[in-house]
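So this one's work_38.txt, compact mmCIF, N, CA and C atoms:
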# COMPACT_ATOMS: atom_id res chain seq x y z
N MET A 155 -41.80 13.17 -118.27
CA MET A 155 -40.46 13.10 -117.73
C MET A 155 -39.43 12.80 -118.82
N ALA A 156 -39.75 11.91 -119.73
CA ALA A 156 -38.80 11.57 -120.79
C ALA A 156 -38.56 12.74 -121.72
N LEU A 157 -39.54 13.62 -121.89
CA LEU A 157 -39.35 14.77 -122.77
C LEU A 157 -38.30 15.73 -122.22
N ARG A 158 -38.14 15.76 -120.91
CA ARG A 158 -37.16 16.66 -120.31
C ARG A 158 -35.74 16.20 -120.58
N GLN A 159 -35.55 14.97 -121.00
CA GLN A 159 -34.22 14.42 -121.18
C GLN A 159 -33.74 14.49 -122.62
N ILE A 160 -34.31 15.35 -123.44
CA ILE A 160 -33.92 15.44 -124.84
C ILE A 160 -32.47 15.92 -125.00
N MET A 161 -32.01 16.77 -124.10
CA MET A 161 -30.63 17.24 -124.15
C MET A 161 -29.76 16.33 -123.28
N PRO A 162 -28.57 15.97 -123.75
CA PRO A 162 -27.70 15.13 -122.92
C PRO A 162 -27.20 15.91 -121.71
N ALA A 163 -27.00 15.22 -120.62
CA ALA A 163 -26.51 15.85 -119.39
C ALA A 163 -25.26 15.12 -118.92
N PRO A 164 -24.10 15.43 -119.52
CA PRO A 164 -22.88 14.70 -119.15
C PRO A 164 -22.36 15.02 -117.75
N TYR A 165 -22.79 16.14 -117.19
CA TYR A 165 -22.35 16.51 -115.84
C TYR A 165 -23.49 16.29 -114.86
N GLN A 166 -23.17 15.63 -113.77
CA GLN A 166 -24.14 15.43 -112.70
C GLN A 166 -23.67 16.29 -111.52
N LEU A 167 -24.46 17.30 -111.17
CA LEU A 167 -24.09 18.21 -110.10
C LEU A 167 -24.81 17.85 -108.81
N VAL A 168 -24.10 17.96 -107.70
CA VAL A 168 -24.69 17.72 -106.39
C VAL A 168 -25.28 19.03 -105.90
N CYS A 169 -26.56 19.02 -105.59
CA CYS A 169 -27.28 20.23 -105.20
C CYS A 169 -27.95 20.02 -103.85
N TYR A 170 -27.91 21.04 -103.01
CA TYR A 170 -28.61 21.03 -101.72
C TYR A 170 -29.68 22.12 -101.77
N PRO A 171 -30.94 21.73 -102.00
CA PRO A 171 -32.00 22.73 -102.14
C PRO A 171 -32.21 23.56 -100.88
N LEU A 172 -32.64 24.79 -101.08
CA LEU A 172 -32.96 25.70 -99.98
C LEU A 172 -34.33 25.32 -99.43
N GLU A 173 -34.44 25.18 -98.11
CA GLU A 173 -35.70 24.78 -97.47
C GLU A 173 -36.06 25.76 -96.37
N LEU A 174 -37.34 25.85 -96.11
CA LEU A 174 -37.84 26.67 -95.01
C LEU A 174 -37.49 25.97 -93.70
N SER A 175 -36.88 26.70 -92.77
CA SER A 175 -36.47 26.14 -91.50
C SER A 175 -37.61 26.24 -90.49
N ALA A 176 -37.58 25.38 -89.50
CA ALA A 176 -38.61 25.42 -88.45
C ALA A 176 -38.33 26.54 -87.45
N THR A 177 -37.11 27.06 -87.44
CA THR A 177 -36.76 28.11 -86.49
C THR A 177 -37.05 29.50 -87.07
N LYS A 178 -37.14 30.47 -86.18
CA LYS A 178 -37.32 31.86 -86.58
C LYS A 178 -36.17 32.68 -86.02
N ASN A 179 -35.89 33.81 -86.67
CA ASN A 179 -34.80 34.65 -86.19
C ASN A 179 -35.30 35.53 -85.04
N GLN A 180 -34.44 36.44 -84.55
CA GLN A 180 -34.78 37.27 -83.40
C GLN A 180 -35.97 38.19 -83.66
N GLN A 181 -36.20 38.54 -84.93
CA GLN A 181 -37.33 39.41 -85.27
C GLN A 181 -38.61 38.61 -85.49
N GLY A 182 -38.55 37.28 -85.39
CA GLY A 182 -39.73 36.46 -85.59
C GLY A 182 -39.98 36.07 -87.04
N ASN A 183 -39.02 36.35 -87.92
CA ASN A 183 -39.16 35.99 -89.33
C ASN A 183 -38.73 34.55 -89.57
N LYS A 184 -39.32 33.94 -90.57
CA LYS A 184 -38.94 32.58 -90.95
C LYS A 184 -37.53 32.59 -91.53
N THR A 185 -36.80 31.52 -91.28
CA THR A 185 -35.44 31.41 -91.80
C THR A 185 -35.35 30.23 -92.76
N PHE A 186 -34.29 30.22 -93.54
CA PHE A 186 -34.08 29.16 -94.52
C PHE A 186 -32.75 28.48 -94.27
N THR A 187 -32.70 27.19 -94.56
CA THR A 187 -31.46 26.43 -94.49
C THR A 187 -31.37 25.55 -95.73
N ASN A 188 -30.16 25.09 -96.02
CA ASN A 188 -30.01 24.16 -97.13
C ASN A 188 -30.23 22.75 -96.63
N SER A 189 -30.90 21.96 -97.43
CA SER A 189 -31.19 20.57 -97.11
C SER A 189 -29.90 19.81 -96.87
N SER A 190 -29.93 18.85 -95.96
CA SER A 190 -28.75 18.01 -95.73
C SER A 190 -28.74 16.81 -96.69
N THR A 191 -29.86 16.61 -97.38
CA THR A 191 -29.96 15.52 -98.35
C THR A 191 -29.62 16.04 -99.74
N PRO A 192 -28.54 15.54 -100.36
CA PRO A 192 -28.17 16.03 -101.68
C PRO A 192 -29.11 15.51 -102.77
N VAL A 193 -29.27 16.32 -103.81
CA VAL A 193 -30.06 15.97 -104.98
C VAL A 193 -29.12 16.05 -106.18
N ILE A 194 -29.14 15.05 -107.04
CA ILE A 194 -28.30 15.05 -108.23
C ILE A 194 -29.11 15.63 -109.39
N ARG A 195 -28.56 16.66 -110.05
CA ARG A 195 -29.26 17.31 -111.16
C ARG A 195 -28.34 17.35 -112.38
N GLY A 196 -28.95 17.20 -113.56
CA GLY A 196 -28.20 17.16 -114.80
C GLY A 196 -27.80 18.53 -115.31
N CYS A 197 -26.62 18.58 -115.93
CA CYS A 197 -26.09 19.83 -116.48
C CYS A 197 -25.44 19.50 -117.82
N THR A 198 -25.77 20.28 -118.85
CA THR A 198 -25.21 20.02 -120.17
C THR A 198 -23.86 20.69 -120.39
N SER A 199 -23.64 21.85 -119.76
CA SER A 199 -22.34 22.51 -119.89
C SER A 199 -22.15 23.52 -118.76
N LEU A 200 -20.89 23.82 -118.48
CA LEU A 200 -20.52 24.84 -117.50
C LEU A 200 -19.60 25.84 -118.19
N ARG A 201 -19.84 27.12 -117.92
CA ARG A 201 -18.99 28.17 -118.50
C ARG A 201 -18.70 29.19 -117.42
N VAL A 202 -17.42 29.42 -117.17
CA VAL A 202 -17.04 30.42 -116.17
C VAL A 202 -17.30 31.79 -116.75
N GLY A 203 -18.06 32.59 -116.02
CA GLY A 203 -18.36 33.96 -116.45
C GLY A 203 -17.26 34.88 -115.99
N GLU A 204 -17.64 35.93 -115.33
CA GLU A 204 -16.64 36.89 -114.88
C GLU A 204 -16.20 36.60 -113.45
N THR A 205 -14.98 36.94 -113.18
CA THR A 205 -14.43 36.90 -111.83
C THR A 205 -13.91 38.29 -111.55
N LYS A 206 -14.39 38.88 -110.49
CA LYS A 206 -13.95 40.25 -110.20
C LYS A 206 -13.62 40.39 -108.73
N GLN A 207 -12.67 41.25 -108.48
CA GLN A 207 -12.28 41.55 -107.11
C GLN A 207 -12.96 42.85 -106.72
N VAL A 208 -13.69 42.78 -105.62
CA VAL A 208 -14.38 43.96 -105.13
C VAL A 208 -13.37 44.81 -104.36
N ILE A 209 -13.15 46.03 -104.85
CA ILE A 209 -12.14 46.88 -104.21
C ILE A 209 -12.84 47.99 -103.44
N LYS A 210 -13.07 47.71 -102.19
CA LYS A 210 -13.64 48.69 -101.26
C LYS A 210 -13.01 48.43 -99.90
N PRO A 211 -12.87 49.43 -99.10
CA PRO A 211 -12.22 49.23 -97.79
C PRO A 211 -12.92 48.17 -96.93
N GLU A 212 -14.24 48.07 -97.02
CA GLU A 212 -14.95 47.11 -96.17
C GLU A 212 -14.94 45.69 -96.71
N TYR A 213 -14.46 45.50 -97.95
CA TYR A 213 -14.40 44.17 -98.56
C TYR A 213 -12.97 43.88 -99.03
N ILE A 214 -12.05 43.77 -98.12
CA ILE A 214 -10.67 43.51 -98.49
C ILE A 214 -10.54 42.05 -98.94
N ASP A 215 -9.90 41.84 -100.07
CA ASP A 215 -9.67 40.50 -100.64
C ASP A 215 -10.96 39.74 -100.91
N ARG A 216 -11.97 40.41 -101.36
CA ARG A 216 -13.22 39.74 -101.70
C ARG A 216 -13.25 39.50 -103.21
N VAL A 217 -13.48 38.25 -103.60
CA VAL A 217 -13.53 37.88 -105.01
C VAL A 217 -14.88 37.24 -105.30
N VAL A 218 -15.55 37.72 -106.36
CA VAL A 218 -16.84 37.20 -106.77
C VAL A 218 -16.66 36.48 -108.10
N THR A 219 -17.11 35.22 -108.18
CA THR A 219 -16.99 34.42 -109.39
C THR A 219 -18.37 33.95 -109.82
N TYR A 220 -18.65 34.08 -111.12
CA TYR A 220 -19.93 33.61 -111.68
C TYR A 220 -19.66 32.46 -112.64
N VAL A 221 -20.55 31.46 -112.61
CA VAL A 221 -20.49 30.33 -113.53
C VAL A 221 -21.89 30.16 -114.12
N TYR A 222 -21.94 30.03 -115.44
CA TYR A 222 -23.21 29.77 -116.11
C TYR A 222 -23.34 28.27 -116.34
N ALA A 223 -24.44 27.70 -115.92
CA ALA A 223 -24.69 26.27 -116.10
C ALA A 223 -25.89 26.08 -117.01
N ALA A 224 -25.69 25.41 -118.13
CA ALA A 224 -26.81 25.04 -118.99
C ALA A 224 -27.39 23.75 -118.41
N VAL A 225 -28.66 23.79 -118.06
CA VAL A 225 -29.27 22.66 -117.36
C VAL A 225 -30.44 22.10 -118.16
N THR A 226 -30.73 20.82 -117.91
CA THR A 226 -31.80 20.15 -118.65
C THR A 226 -33.17 20.60 -118.19
N SER A 227 -33.32 20.92 -116.92
CA SER A 227 -34.63 21.31 -116.39
C SER A 227 -34.47 22.49 -115.44
N PRO A 228 -34.51 23.72 -115.95
CA PRO A 228 -34.26 24.89 -115.10
C PRO A 228 -35.31 25.09 -114.00
N LEU A 229 -36.50 24.57 -114.18
CA LEU A 229 -37.54 24.79 -113.18
C LEU A 229 -37.33 23.95 -111.92
N ASP A 230 -36.39 23.00 -111.94
CA ASP A 230 -36.06 22.23 -110.74
C ASP A 230 -35.13 23.01 -109.82
N TRP A 231 -34.53 24.08 -110.31
CA TRP A 231 -33.57 24.87 -109.55
C TRP A 231 -34.28 26.08 -108.94
N ALA A 232 -33.74 26.59 -107.83
CA ALA A 232 -34.31 27.77 -107.19
C ALA A 232 -33.19 28.63 -106.63
N GLU A 233 -33.47 29.90 -106.49
CA GLU A 233 -32.48 30.82 -105.93
C GLU A 233 -32.10 30.38 -104.52
N GLY A 234 -30.80 30.39 -104.25
CA GLY A 234 -30.30 30.02 -102.93
C GLY A 234 -29.85 28.58 -102.81
N ASP A 235 -30.17 27.73 -103.81
CA ASP A 235 -29.71 26.35 -103.77
C ASP A 235 -28.18 26.33 -103.73
N LEU A 236 -27.63 25.41 -102.97
CA LEU A 236 -26.19 25.25 -102.85
C LEU A 236 -25.76 24.17 -103.84
N VAL A 237 -24.74 24.44 -104.65
CA VAL A 237 -24.32 23.52 -105.71
C VAL A 237 -22.82 23.27 -105.59
N GLU A 238 -22.43 22.00 -105.62
CA GLU A 238 -21.02 21.64 -105.63
C GLU A 238 -20.59 21.38 -107.07
N LEU A 239 -19.63 22.16 -107.55
CA LEU A 239 -19.12 21.98 -108.90
C LEU A 239 -17.83 21.17 -108.84
N PRO A 240 -17.66 20.20 -109.73
CA PRO A 240 -16.45 19.38 -109.70
C PRO A 240 -15.19 20.22 -109.87
N ASN A 241 -14.27 20.07 -108.96
CA ASN A 241 -12.97 20.76 -108.97
C ASN A 241 -13.08 22.28 -108.94
N MET A 242 -14.25 22.83 -108.57
CA MET A 242 -14.42 24.29 -108.58
C MET A 242 -14.96 24.83 -107.26
N GLY A 243 -15.40 23.98 -106.37
CA GLY A 243 -15.90 24.44 -105.09
C GLY A 243 -17.42 24.51 -105.02
N THR A 244 -17.90 25.26 -104.04
CA THR A 244 -19.33 25.37 -103.77
C THR A 244 -19.85 26.73 -104.21
N TYR A 245 -20.99 26.73 -104.90
CA TYR A 245 -21.61 27.95 -105.42
C TYR A 245 -23.08 27.99 -105.00
N ARG A 246 -23.68 29.17 -105.08
CA ARG A 246 -25.11 29.34 -104.85
C ARG A 246 -25.79 29.76 -106.13
N VAL A 247 -27.05 29.30 -106.30
CA VAL A 247 -27.84 29.75 -107.44
C VAL A 247 -28.17 31.22 -107.20
N ASN A 248 -27.84 32.06 -108.17
CA ASN A 248 -28.03 33.51 -108.04
C ASN A 248 -29.17 33.94 -108.96
N GLY A 249 -30.30 34.31 -108.39
CA GLY A 249 -31.44 34.72 -109.19
C GLY A 249 -32.26 33.53 -109.66
N ASP A 250 -33.32 33.81 -110.38
CA ASP A 250 -34.19 32.76 -110.88
C ASP A 250 -33.58 32.10 -112.11
N PRO A 251 -33.76 30.78 -112.26
CA PRO A 251 -33.30 30.11 -113.48
C PRO A 251 -34.01 30.67 -114.70
N GLU A 252 -33.33 30.61 -115.84
CA GLU A 252 -33.88 31.18 -117.08
C GLU A 252 -34.16 30.09 -118.09
N VAL A 253 -35.31 30.17 -118.72
CA VAL A 253 -35.63 29.31 -119.86
C VAL A 253 -35.49 30.22 -121.07
N ASP A 254 -34.27 30.31 -121.59
CA ASP A 254 -33.98 31.30 -122.63
C ASP A 254 -33.60 30.68 -123.97
N ASN A 255 -33.94 29.42 -124.16
CA ASN A 255 -33.61 28.76 -125.42
C ASN A 255 -34.73 29.02 -126.42
N LEU A 256 -34.62 30.12 -127.11
CA LEU A 256 -35.66 30.49 -128.08
C LEU A 256 -35.32 29.89 -129.44
N GLY A 257 -36.33 29.41 -130.12
CA GLY A 257 -36.12 28.81 -131.42
C GLY A 257 -37.32 29.04 -132.32
N PRO A 258 -37.28 28.51 -133.52
CA PRO A 258 -38.36 28.76 -134.47
C PRO A 258 -39.66 28.03 -134.12
N ILE A 259 -39.58 26.95 -133.37
CA ILE A 259 -40.78 26.19 -133.00
C ILE A 259 -41.02 26.41 -131.50
N THR A 260 -41.77 27.44 -131.17
CA THR A 260 -41.91 27.85 -129.77
C THR A 260 -42.54 26.78 -128.89
N SER A 261 -43.36 25.91 -129.44
CA SER A 261 -43.98 24.88 -128.62
C SER A 261 -42.98 23.82 -128.16
N MET A 262 -41.77 23.83 -128.72
CA MET A 262 -40.76 22.84 -128.34
C MET A 262 -39.59 23.44 -127.56
N ASN A 263 -39.63 24.74 -127.27
CA ASN A 263 -38.50 25.38 -126.58
C ASN A 263 -38.21 24.77 -125.22
N HIS A 264 -39.25 24.34 -124.51
CA HIS A 264 -39.05 23.79 -123.17
C HIS A 264 -38.27 22.48 -123.18
N LEU A 265 -38.15 21.84 -124.31
CA LEU A 265 -37.43 20.57 -124.40
C LEU A 265 -35.92 20.74 -124.32
N PHE A 266 -35.43 21.96 -124.54
CA PHE A 266 -34.00 22.17 -124.64
C PHE A 266 -33.37 22.77 -123.38
N GLY A 267 -34.11 22.79 -122.28
CA GLY A 267 -33.54 23.23 -121.01
C GLY A 267 -33.43 24.73 -120.88
N GLY A 268 -32.49 25.17 -120.07
CA GLY A 268 -32.31 26.60 -119.80
C GLY A 268 -30.96 26.85 -119.14
N ARG A 269 -30.90 27.94 -118.39
CA ARG A 269 -29.62 28.38 -117.82
C ARG A 269 -29.81 28.78 -116.36
N VAL A 270 -28.80 28.45 -115.56
CA VAL A 270 -28.77 28.82 -114.15
C VAL A 270 -27.47 29.58 -113.91
N LEU A 271 -27.56 30.73 -113.23
CA LEU A 271 -26.37 31.51 -112.88
C LEU A 271 -25.94 31.13 -111.47
N LEU A 272 -24.68 30.71 -111.34
CA LEU A 272 -24.14 30.33 -110.04
C LEU A 272 -23.14 31.39 -109.60
N LYS A 273 -23.11 31.66 -108.30
CA LYS A 273 -22.26 32.73 -107.77
C LYS A 273 -21.49 32.21 -106.55
N ARG A 274 -20.21 32.60 -106.49
CA ARG A 274 -19.38 32.28 -105.33
C ARG A 274 -18.68 33.53 -104.86
N VAL A 275 -18.73 33.78 -103.58
CA VAL A 275 -18.04 34.94 -102.98
C VAL A 275 -16.99 34.41 -102.01
N ASN A 276 -15.74 34.74 -102.31
CA ASN A 276 -14.63 34.34 -101.42
C ASN A 276 -14.22 35.50 -100.56

When written as structure tokens, how does the structure in this file appear?
Amino acid sequence: MALRQIMPAPYQLVCYPLELSATKNQQGNKTFTNSSTPVIRGCTSLRVGETKQVIKPEYIDRVVTYVYAAVTSPLDWAEGDLVELPNMGTYRVNGDPEVDNLGPITSMNHLFGGRVLLKRVN
């Protein structure tokens, strides 16, 4: 556990993990809901990616915003988790977290965390 904390995490993000629900939809498939219990997870930096307006007749005034979060432990995150960003609103984890910190000593790459892509659709 202490090895995961090698990178400082000045930002503490409130996260609501995606959980399997006890209910099923009309087709009998399992459904998912976000946990009502928040989990605090460390983040080393936040970077706003692209913001684009989807221009199609069926999506009037739709804006998609991406934020890249460098996190201390990317394997704690999962697609669909709900994340509250300070002064930025609520986002969802989009896709699988990435452990993309490649360096010259490959046996130590996991110590430096990874990246999570967050997405918001207005």

Polymer residues at most 8 Å from range 167-181 of chain A, all atoms listed in the file, same-chain spacing of 5 or more positions, as number ranges by chain: A: 186-197, 231-240

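The interatomic distance for the pair CA of Ser199 in chain A and CA of Val217 in chain A works out to 23.1 Å.
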
Distance of atom N of Ala224 in chain A from atom N of Pro162 in chain A, expressed in Å to one decimal place: 11.4 Å

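Atom pair atom C of Val218 in chain A / atom N of Gly243 in chain A has a distance of 12.7 Å (rounded to one decimal).
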
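Remark: for Pro251 in chain A, the closest of the candidate residues A:Pro164, A:Gly203, A:Gly182, A:Pro228 is A:Pro228 (distances computed over only N, CA and C atoms).
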
Using only C-alpha atoms: which of A:Arg274, A:Tyr165, A:Asn183, A:Met242 has the shortest distance to Glu204 in chain A: A:Arg274

Is it possible to get the axis-aligned box enclosing range 191-204 of chain A (all listed atoms, 3 Å extra per side) as JSON, with centre and edge lengths in Å rounded to one decimal?
{"center_x": -23.1, "center_y": 26.0, "center_z": -108.9, "size_x": 19.9, "size_y": 27.8, "size_z": 29.0}

Protein, DNA and RNA residues within 8 Å of (-24.8, 29.2, -114.3), all atoms listed in the file, as a ChimeraX atom specification: /A:199-203,220-225,247-248,269-273

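Considering the residues A:Arg216, A:Thr205, A:Val275, A:Thr226 and counting all atoms listed in the file, Ala163 in chain A has its shortest atom-to-atom contact with A:Thr226.
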